[in-house]
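Beneath this line is the structure, given in structure tokens, with notes to follow.
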Amino acid sequence: MLQDVVGMAAVSVLAVLEQAYFSFQVIYARRKYSVSPPSTAGPPEFQRIYRAQANCSEYFPIFITVLWTSGLFFSQGLSSLCGLLYLYGRFLYFRGYSQSAQGRLTPLYFSARVLWVLLGFSSLGVLSSLCRFYLDLDLVQHLLSVLSLEV
Amino acid sequence: MLQDVVGMAAVSVLAVLEQAYFSFQVIYARRKYSVSPPSTAGPPEFQRIYRAQANCSEYFPIFITVLWTSGLFFSQGLSSLCGLLYLYGRFLYFRGYSQSAQGRLTPLYFSARVLWVLLGFSSLGVLSSLCRFYLDLDLVQHLLSVLSLEV
Amino acid sequence: MLQDVVGMAAVSVLAVLEQAYFSFQVIYARRKYSVSPPSTAGPPEFQRIYRAQANCSEYFPIFITVLWTSGLFFSQGLSSLCGLLYLYGRFLYFRGYSQSAQGRLTPLYFSARVLWVLLGFSSLGVLSSLCRFYLDLDLVQHLLSVLSLEV
């Protein structure tokens, strides 16, 4: 059973490591720009790093949720691959946002697109499982047979 | 095994879709009220939408956690149903908060109550499993026999 | 199968209860210092309580992720124990931060260290599973045999 989820677990561990890296960047930025907790107000340079980390944190649970549902109900391999792409996109986003507000856009759109793919996989997988379990209907088989009848 | 969790997976996918919808509302509000990232300061109309989304994001992982523990250890059907109610409550909360700070209260209390129900289910389910696994005690059976002795 | 995860489920339920407690503290602080939503600006006393809760919320999904991956792939008992220590550390952190910005530091470092331990367990467990499943290599056995050859 663990064999079916080890890919998602590995990506989850990497995702936590990435979040730890972002957190350290905020700590360094707090020191550099002399912004002491609990304040989160500071120069735009600090604000951008702070917001970049906050945005990644906000999306972390959403990412973990779609990664695992997609991996469980659709495909472990594809989901883990998308997971790695998402983490890479988030790294570029963080670096881009640290430099300028404009610099965050391209990697943000990329990460968002990967998240939509994972959400699509999850939806397809869950829907097809619901059909199989509760309607006794094999969705993929059904679509294929409909298509072949039309040919 | 997937059959035991497909209900929670379906609700989780819907929850992610709802969060995506809230995020889009913040993006529209940023444009409408000309609040460019990284700033989050703006007129009260923007502040309310921004805070509504932030609050829903904050509760998202808590919701997912109780949804799944409750579904695994108590009842998949009841947990999924509560999950749908919670998501509906959150939708009303977001719409209410967008209109006025007062408008968020009724659906907020409703969502909170559903969350408490899921937390209650989780606690009961986990406690009864702990008793069964480690004390070799069937909590439900035990309570029933105590009650029947008292009758 | 539920027997393999009941420890993590119990800690997760406690973690949600703790978050509920922190949320109530913010609600009381909002009343005490007259900070009405959607505003989050207020006196330093309010700011500290607000930031303490926000910080705990931010780490909640990360904690849940490493708790479960560590429990699934390394050891349920050790992970649940670390989970309890983390929750205790977070409680001390919240109380310390409520009193002074300085007071948050010792328990914050403690919680962070427990989180690193859980992350270490997760990494080891997942890595060893990856080796076993995909390289047909028992990492622990392999290390032991290398060590015994060197002796």
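Letters for chains follow the order of the structure tokens (A, B, ...), residue numbers begin at 1 for each chain, and ligand numbers begin at 1 in the order shown.
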Legend entry - Close residues, Tyr109 of chain C itself excluded, 12 Å, only C-alpha atoms, min 4 positions apart in chain, as a ChimeraX atom specification: /C:86,89-90,92-93,103-105,113-116
Legend entry - Test item: residues at most 6 Å from segment 69-82 of chain B, only C-alpha atoms, excluding those fewer than 5 positions along its chain, as a PyMOL selection string: chain B and resi 7-8+121-122+125-126
Inset, instruction - May I ask which of the residues B:Tyr134, B:Tyr88, B:Tyr97, B:Phe63 is the closest one to Val117 of chain B, counting only C-alpha atoms? - result: B:Phe63
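Of the listed residues A:Leu137, A:Leu67, A:Ala20, A:Leu144, the one whose atoms come nearest to chain B is A:Leu67, with distances taken using only C-alpha atoms.
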Inset, instruction - Can you list, as an MDAnalysis selection string, all residues belonging to segment 4-126 of chain B that DSSP tags as alpha helix (DSSP H)? - result: chainID B and resid 6:32 44:73 76:99 105:126
Within 9 Å of chain B, which residues of chain A come that close, and what is the closest atom pair and distance in Å for each? Count only C-alpha atoms and give it as a Markdown table.
| residue | atom | partner | partner_atom | distance |
| --- | --- | --- | --- | --- |
| A:Pro44 | CA | B:Pro38 | CA | 7.7 |
| A:Gln47 | CA | B:Pro38 | CA | 6.2 |
| A:Arg48 | CA | B:Pro38 | CA | 5.6 |
| A:Ile49 | CA | B:Pro38 | CA | 8.9 |
| A:Tyr50 | CA | B:Pro38 | CA | 8.6 |
| A:Arg51 | CA | B:Pro38 | CA | 6.1 |
| A:Ala52 | CA | B:Pro38 | CA | 8.3 |
| A:Glu58 | CA | B:Ser57 | CA | 6.5 |
| A:Tyr59 | CA | B:Ser57 | CA | 8.4 |
| A:Pro61 | CA | B:Pro61 | CA | 5.9 |
| A:Ile62 | CA | B:Val16 | CA | 6.4 |
| A:Thr65 | CA | B:Ser12 | CA | 7.2 |
| A:Val66 | CA | B:Val13 | CA | 7.1 |
| A:Thr69 | CA | B:Ala9 | CA | 6.1 |
| A:Leu72 | CA | B:Leu2 | CA | 7.7 |
| A:Phe73 | CA | B:Leu2 | CA | 7.7 |
| A:Ala101 | CA | B:Pro37 | CA | 6.8 |
| A:Leu119 | CA | B:Val13 | CA | 7.1 |
| A:Ser122 | CA | B:Val13 | CA | 6.9 |
| A:Ser123 | CA | B:Val13 | CA | 6.5 |
| A:Val126 | CA | B:Ala10 | CA | 6.1 |
| A:Leu127 | CA | B:Ala10 | CA | 7.7 |
| A:Ser129 | CA | B:Val6 | CA | 7.1 |
| A:Leu130 | CA | B:Val6 | CA | 6.9 |
| A:Phe133 | CA | B:Gln3 | CA | 6.8 |
Write a file of the just-selected residues containing C-alpha atoms, as a PDB file, in the first residue's frame.
ATOM      1  CA  PRO A  44       9.001  47.192  -0.649  1.00  0.00           C
ATOM      2  CA  GLN A  47       7.296  43.325   1.558  1.00  0.00           C
ATOM      3  CA  ARG A  48       7.918  41.375  -1.648  1.00  0.00           C
ATOM      4  CA  ILE A  49       9.880  38.604   0.090  1.00  0.00           C
ATOM      5  CA  TYR A  50       7.301  38.474   2.883  1.00  0.00           C
ATOM      6  CA  ARG A  51       4.379  38.274   0.436  1.00  0.00           C
ATOM      7  CA  ALA A  52       6.155  35.686  -1.734  1.00  0.00           C
ATOM      8  CA  GLU A  58      -1.192  29.771   1.421  1.00  0.00           C
ATOM      9  CA  TYR A  59      -1.019  27.462  -1.584  1.00  0.00           C
ATOM     10  CA  PRO A  61      -2.157  22.850   1.634  1.00  0.00           C
ATOM     11  CA  ILE A  62      -4.013  23.203  -1.668  1.00  0.00           C
ATOM     12  CA  THR A  65      -4.426  18.106  -1.365  1.00  0.00           C
ATOM     13  CA  VAL A  66      -4.495  17.939  -5.176  1.00  0.00           C
ATOM     14  CA  THR A  69      -5.995  13.018  -4.555  1.00  0.00           C
ATOM     15  CA  LEU A  72      -4.417   8.205  -5.377  1.00  0.00           C
ATOM     16  CA  PHE A  73      -7.214   8.387  -7.957  1.00  0.00           C
ATOM     17  CA  ALA A 101       6.742  42.553  -8.437  1.00  0.00           C
ATOM     18  CA  LEU A 119      -6.824  19.554 -10.140  1.00  0.00           C
ATOM     19  CA  SER A 122      -7.965  14.737  -9.384  1.00  0.00           C
ATOM     20  CA  SER A 123     -11.395  15.587 -10.748  1.00  0.00           C
ATOM     21  CA  VAL A 126     -12.401  10.953  -8.434  1.00  0.00           C
ATOM     22  CA  LEU A 127     -15.294  11.215 -10.906  1.00  0.00           C
ATOM     23  CA  SER A 129     -14.045   6.246  -9.198  1.00  0.00           C
ATOM     24  CA  LEU A 130     -17.445   7.570  -8.096  1.00  0.00           C
ATOM     25  CA  PHE A 133     -18.195   2.469  -7.150  1.00  0.00           C
TER      26      PHE A 133
END
